[in-house]
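Listing of entry.json; format and content: JSON, C-alpha atoms.
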```json
[["chain", "number", "residue", "atom", "x", "y", "z"],
["U", 93, "MET", "CA", 13.73, -87.52, 116.97],
["U", 94, "GLY", "CA", 14.26, -86.59, 113.29],
["U", 95, "ILE", "CA", 12.30, -87.68, 110.25],
["U", 96, "GLY", "CA", 14.97, -90.20, 109.24],
["U", 97, "GLU", "CA", 14.65, -91.94, 112.58],
["U", 98, "HIS", "CA", 10.85, -92.05, 112.24],
["U", 99, "LEU", "CA", 11.14, -93.57, 108.81],
["U", 100, "CYS", "CA", 13.41, -96.49, 109.57],
["U", 101, "HIS", "CA", 13.51, -98.31, 112.89],
["U", 102, "SER", "CA", 16.66, -100.37, 112.22],
["U", 103, "HIS", "CA", 20.13, -99.21, 113.16],
["U", 104, "LYS", "CA", 22.55, -97.92, 110.54],
["U", 105, "PRO", "CA", 24.88, -100.73, 109.43],
["U", 106, "TYR", "CA", 28.59, -100.16, 110.06],
["U", 107, "GLY", "CA", 30.34, -98.60, 107.04],
["U", 108, "MET", "CA", 27.16, -97.21, 105.38],
["U", 109, "ASN", "CA", 27.15, -93.42, 105.00],
["U", 110, "SER", "CA", 24.16, -91.36, 106.17],
["U", 111, "THR", "CA", 22.85, -90.59, 102.67],
["U", 112, "CYS", "CA", 22.74, -94.26, 101.65],
["U", 113, "TYR", "CA", 21.11, -95.14, 104.96],
["U", 114, "ILE", "CA", 18.31, -92.59, 104.46],
["U", 115, "GLN", "CA", 17.75, -93.77, 100.88],
["U", 116, "GLU", "CA", 17.50, -97.38, 102.05],
["U", 117, "CYS", "CA", 15.02, -96.41, 104.77],
["U", 118, "LEU", "CA", 12.89, -94.50, 102.26],
["U", 119, "ARG", "CA", 12.66, -97.59, 100.07],
["U", 120, "GLN", "CA", 11.48, -99.67, 103.03],
["U", 121, "ILE", "CA", 8.43, -97.58, 103.92],
["U", 122, "SER", "CA", 5.37, -96.62, 101.93],
["U", 123, "PHE", "CA", 4.54, -93.09, 100.77],
["U", 124, "ASP", "CA", 1.55, -92.93, 103.15],
["U", 125, "ASP", "CA", 3.76, -93.57, 106.18],
["U", 126, "PHE", "CA", 6.12, -90.85, 104.96],
["U", 127, "GLN", "CA", 3.25, -88.36, 104.57],
["U", 128, "GLU", "CA", 1.87, -89.17, 108.01],
["U", 129, "SER", "CA", 5.23, -88.80, 109.75],
["U", 130, "CYS", "CA", 5.94, -85.50, 107.93],
["U", 131, "ALA", "CA", 2.53, -84.10, 108.93],
["U", 132, "THR", "CA", 3.06, -85.19, 112.54],
["U", 133, "GLU", "CA", 6.54, -83.67, 112.61],
["U", 134, "CYS", "CA", 5.25, -80.42, 111.07],
["U", 135, "GLN", "CA", 2.44, -80.11, 113.63],
["U", 136, "LYS", "CA", 4.84, -80.74, 116.49],
["U", 137, "SER", "CA", 7.28, -78.17, 115.17],
["U", 138, "LEU", "CA", 4.54, -75.55, 114.92],
["U", 139, "GLY", "CA", 3.44, -76.29, 118.47],
["U", 140, "SER", "CA", -0.07, -77.09, 117.32],
["U", 141, "LYS", "CA", -2.11, -80.02, 118.57],
["U", 142, "MET", "CA", -4.93, -79.39, 116.10],
["U", 143, "SER", "CA", -4.96, -77.82, 112.65],
["U", 144, "VAL", "CA", -7.37, -74.96, 111.79],
["U", 145, "PRO", "CA", -10.06, -76.01, 109.30],
["U", 146, "LEU", "CA", -9.93, -74.09, 106.03],
["U", 147, "GLY", "CA", -13.56, -72.91, 106.44],
["U", 148, "LYS", "CA", -12.82, -71.28, 109.79],
["U", 149, "LEU", "CA", -9.71, -69.63, 108.40],
["U", 150, "PHE", "CA", -11.70, -68.27, 105.43],
["U", 151, "LEU", "CA", -14.48, -67.00, 107.72],
["U", 152, "PHE", "CA", -12.02, -65.30, 110.06],
["U", 153, "THR", "CA", -10.17, -63.66, 107.15],
["U", 154, "SER", "CA", -13.45, -62.49, 105.58],
["U", 155, "VAL", "CA", -14.67, -60.93, 108.84],
["U", 156, "MET", "CA", -11.35, -59.14, 109.37],
["U", 157, "ALA", "CA", -11.27, -57.82, 105.78],
["U", 158, "SER", "CA", -14.89, -56.63, 105.95],
["U", 159, "GLY", "CA", -14.27, -54.93, 109.27],
["U", 160, "GLY", "CA", -11.18, -53.24, 107.87],
["U", 161, "CYS", "CA", -13.10, -51.94, 104.84],
["U", 162, "ALA", "CA", -15.91, -50.64, 107.05],
["U", 163, "LEU", "CA", -13.40, -48.88, 109.28],
["U", 164, "VAL", "CA", -11.70, -47.19, 106.31],
["U", 165, "TYR", "CA", -15.09, -46.11, 104.91],
["U", 166, "TYR", "CA", -16.06, -44.62, 108.30],
["U", 167, "LEU", "CA", -12.73, -42.78, 108.63],
["U", 168, "ILE", "CA", -13.06, -41.28, 105.14],
["U", 169, "GLN", "CA", -16.59, -40.09, 105.97],
["U", 170, "LYS", "CA", -15.38, -38.57, 109.22],
["U", 171, "THR", "CA", -12.53, -36.78, 107.41],
["U", 172, "PHE", "CA", -14.96, -35.25, 104.90],
["U", 173, "SER", "CA", -17.40, -34.16, 107.60],
["U", 174, "ARG", "CA", -14.65, -32.34, 109.53],
["U", 175, "ALA", "CA", -13.30, -30.46, 106.50],
["U", 176, "SER", "CA", -13.92, -26.71, 106.44],
["U", 177, "TYR", "CA", -15.52, -26.75, 102.95],
["U", 178, "TYR", "CA", -18.09, -29.25, 104.28],
["U", 179, "GLN", "CA", -18.73, -27.33, 107.52],
["U", 180, "LEU", "CA", -19.03, -23.96, 105.72],
["U", 181, "ALA", "CA", -21.67, -25.38, 103.38],
["U", 182, "LEU", "CA", -23.70, -26.79, 106.27],
["U", 183, "GLU", "CA", -23.53, -23.44, 108.08],
["U", 184, "GLN", "CA", -24.98, -21.77, 104.99],
["U", 185, "LEU", "CA", -27.76, -24.36, 104.80],
["U", 186, "HIS", "CA", -28.64, -24.01, 108.49],
["U", 187, "SER", "CA", -28.90, -20.23, 108.14],
["U", 188, "HIS", "CA", -31.07, -20.29, 104.99],
["U", 189, "PRO", "CA", -34.79, -20.09, 105.94],
["U", 190, "LYS", "CA", -36.19, -21.01, 102.51],
["U", 191, "ALA", "CA", -34.05, -24.17, 102.28],
["U", 192, "LEU", "CA", -34.94, -25.20, 105.82],
["U", 193, "GLU", "CA", -38.64, -24.62, 105.11],
["U", 194, "ALA", "CA", -38.48, -26.78, 101.97],
["U", 195, "LEU", "CA", -36.72, -29.66, 103.78],
["U", 196, "GLY", "CA", -38.58, -29.44, 107.10],
["U", 197, "THR", "CA", -37.20, -30.00, 110.56],
["U", 198, "PRO", "CA", -35.36, -31.82, 111.95],
["U", 199, "LEU", "CA", -32.64, -31.55, 109.31],
["U", 200, "ASN", "CA", -30.63, -34.75, 108.74],
["U", 201, "ILE", "CA", -27.22, -34.83, 107.07],
["U", 202, "HIS", "CA", -26.37, -38.22, 105.56],
["U", 203, "TYR", "CA", -23.09, -39.86, 104.55],
["U", 204, "LEU", "CA", -21.56, -38.90, 101.21],
["U", 205, "GLN", "CA", -21.75, -41.43, 98.41],
["U", 206, "LEU", "CA", -18.02, -41.96, 97.97],
["U", 207, "THR", "CA", -18.56, -43.62, 94.59],
["U", 208, "ASP", "CA", -20.42, -40.59, 93.18],
["U", 209, "LYS", "CA", -18.24, -38.92, 90.55],
["U", 210, "TYR", "CA", -19.52, -35.47, 91.56],
["U", 211, "ASN", "CA", -17.64, -35.71, 94.88],
["U", 212, "PHE", "CA", -14.14, -34.49, 94.15],
["U", 213, "VAL", "CA", -11.40, -32.90, 96.26],
["U", 214, "ASP", "CA", -7.89, -31.91, 95.25],
["U", 215, "ILE", "CA", -5.34, -29.36, 96.48],
["U", 216, "ALA", "CA", -7.21, -26.27, 95.26],
["U", 217, "ASP", "CA", -10.82, -27.31, 94.55],
["U", 218, "ALA", "CA", -13.56, -29.26, 96.29],
["U", 219, "GLN", "CA", -16.95, -30.34, 94.95],
["U", 220, "LEU", "CA", -19.40, -32.25, 97.12],
["U", 221, "LYS", "CA", -22.89, -33.62, 96.80],
["U", 222, "ILE", "CA", -24.13, -33.92, 100.39],
["U", 223, "PRO", "CA", -27.35, -35.93, 100.92],
["U", 224, "VAL", "CA", -29.77, -34.09, 103.21],
["U", 225, "SER", "CA", -33.32, -34.75, 104.36],
["U", 226, "GLY", "CA", -35.99, -33.33, 106.60],
["U", 227, "SER", "CA", -39.56, -34.11, 107.59],
["U", 228, "LYS", "CA", -40.99, -32.63, 104.34],
["U", 229, "SER", "CA", -38.47, -33.52, 101.65],
["U", 230, "ALA", "CA", -34.98, -34.77, 100.80],
["U", 231, "GLY", "CA", -32.33, -33.80, 98.32],
["U", 232, "HIS", "CA", -28.68, -32.97, 97.81],
["U", 233, "LEU", "CA", -26.65, -29.96, 98.81],
["U", 234, "TYR", "CA", -24.25, -29.20, 95.94],
["U", 235, "VAL", "CA", -21.12, -27.48, 97.20],
["U", 236, "SER", "CA", -18.27, -25.87, 95.28],
["U", 237, "SER", "CA", -15.22, -24.52, 97.18],
["U", 238, "SER", "CA", -11.71, -23.42, 96.32],
["U", 239, "ARG", "CA", -8.53, -22.03, 97.84],
["U", 240, "ASP", "CA", -5.57, -20.13, 96.47],
["U", 241, "ALA", "CA", -2.81, -22.47, 97.63],
["U", 242, "PRO", "CA", -2.34, -25.57, 99.76],
["U", 243, "PHE", "CA", -2.81, -24.95, 103.49],
["U", 244, "ASN", "CA", -4.76, -21.75, 102.82],
["U", 245, "ARG", "CA", -8.34, -21.22, 103.90],
["U", 246, "TRP", "CA", -11.18, -22.75, 101.85],
["U", 247, "TYR", "CA", -13.72, -20.34, 100.35],
["U", 248, "LEU", "CA", -17.19, -21.35, 99.27],
["U", 249, "GLN", "CA", -17.89, -20.59, 95.63],
["U", 250, "GLU", "CA", -21.45, -21.84, 95.46],
["U", 251, "VAL", "CA", -23.96, -23.83, 97.51],
["U", 252, "CYS", "CA", -27.23, -25.02, 95.98],
["U", 253, "LEU", "CA", -29.93, -27.29, 97.38],
["U", 254, "GLU", "CA", -31.64, -29.57, 94.87],
["U", 255, "LEU", "CA", -34.73, -31.34, 96.18],
["U", 256, "LYS", "CA", -35.79, -34.77, 94.96],
["U", 257, "ASP", "CA", -38.68, -33.21, 92.99],
["U", 258, "GLY", "CA", -36.10, -31.23, 90.95],
["U", 259, "GLN", "CA", -36.64, -27.85, 92.64],
["U", 260, "GLN", "CA", -33.36, -25.94, 93.05],
["U", 261, "ILE", "CA", -32.80, -23.45, 95.86],
["U", 262, "PRO", "CA", -29.64, -21.32, 95.59],
["U", 263, "VAL", "CA", -28.21, -21.03, 99.11],
["U", 264, "PHE", "CA", -24.94, -19.17, 98.54],
["U", 265, "LYS", "CA", -22.92, -17.74, 95.63],
["U", 266, "LEU", "CA", -19.61, -15.89, 95.63],
["U", 267, "ARG", "CA", -19.80, -12.83, 93.40],
["U", 268, "ARG", "CA", -16.85, -13.18, 91.01],
["U", 269, "GLU", "CA", -16.13, -9.54, 90.14],
["U", 270, "SER", "CA", -15.72, -8.26, 93.69],
["U", 271, "GLY", "CA", -15.17, -11.47, 95.65],
["U", 272, "ASP", "CA", -18.06, -10.54, 97.96],
["U", 273, "GLU", "CA", -20.13, -13.25, 99.52],
["U", 274, "VAL", "CA", -23.76, -13.20, 98.48],
["U", 275, "LYS", "CA", -26.18, -15.08, 100.68],
["U", 276, "MET", "CA", -29.28, -16.05, 98.76],
["U", 277, "GLU", "CA", -32.49, -15.37, 100.66]]
```
Written as structure tokens, that's how I'd like the structure from this file.
Amino acid sequence: MGIGEHLCHSHKPYGMNSTCYIQECLRQISFDDFQESCATECQKSLGSKMSVPLGKLFLFTSVMASGGCALVYYLIQKTFSRASYYQLALEQLHSHPKALEALGTPLNIHYLQLTDKYNFVDIADAQLKIPVSGSKSAGHLYVSSSRDAPFNRWYLQEVCLELKDGQQIPVFKLRRESGDEVKME
């Protein structure tokens, strides 16, 4: 049954065209009846018996958006932690006795602060500020890496541990003139 038939219950008089008939029916009913029949027709056409309250829709959308943002944040963190410039820096830290002594064991590596302007990666250079902590102290591992061209191997330039009390412990530095790696002891 169409909307026109809901609106007017009388039969179309002989000789009256459909447009005039619908206009006449619209004049005979009130606006409220028209709204109610349109809403009923719309719900039936959508196959819905009950409409979703706006509050529930907002809550559902908010939960989905928050979950999506958290997932993206997690995936970015995971991508950084798997990168060779990140792994090379952590290897240097784990093999540096003075840095490990200052931090204490067990050594904990925390998520990067993605909003920190120090953290920067492009095609040829990478700079990271990795939060680390141990039983004695906490601080940041400052990492500088580079590579000659895209898809080439990353090389550490410098790794330095800065503790929260301001003490700096050089962990690794690439000697510029010869390109030799110098492990700071």
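With only C-alpha atoms as the basis for measurement, U:Leu253 is the residue among U:Ala175, U:Leu253, U:Ala241, U:Ile215 that approaches U:Ser229 most closely.
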Original post:
Quick one, how far is atom CA of U:Lys265 from atom CA of U:Ile222?
Top reply: 16.9 Å
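Straight-line separation from atom CA of U:Gln179 to atom CA of U:Tyr165: 19.3 Å.
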Original post:
What is the atom CA of U:Gly231 to atom CA of U:Arg245 distance in Å?
Top reply: 27.7 Å
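Using all atoms listed in the file, the nearest neighbour of U:Tyr234 within the list U:Ala216, U:Val144, U:Leu182, U:Leu192 is U:Leu182.
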Original post:
Which residues, protein or nucleic acid, reach to within 12 Å of (-17.4, -27.7, 99.3) in the file's coordinates when using only C-alpha atoms, and can you give that as JSON, numbers by chain?
Top reply: {"U": [172, 173, 174, 175, 176, 177, 178, 179, 180, 181, 182, 183, 184, 210, 211, 212, 213, 214, 216, 217, 218, 219, 220, 221, 222, 233, 234, 235, 236, 237, 238, 239, 246, 247, 248, 249, 250, 251, 252, 264, 265]}
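You can rank U:Thr171, U:Leu151, U:Pro242, U:Leu255 by their closest distance to U:Glu193 using all atoms listed in the file, and at the top of that list sits U:Leu255.
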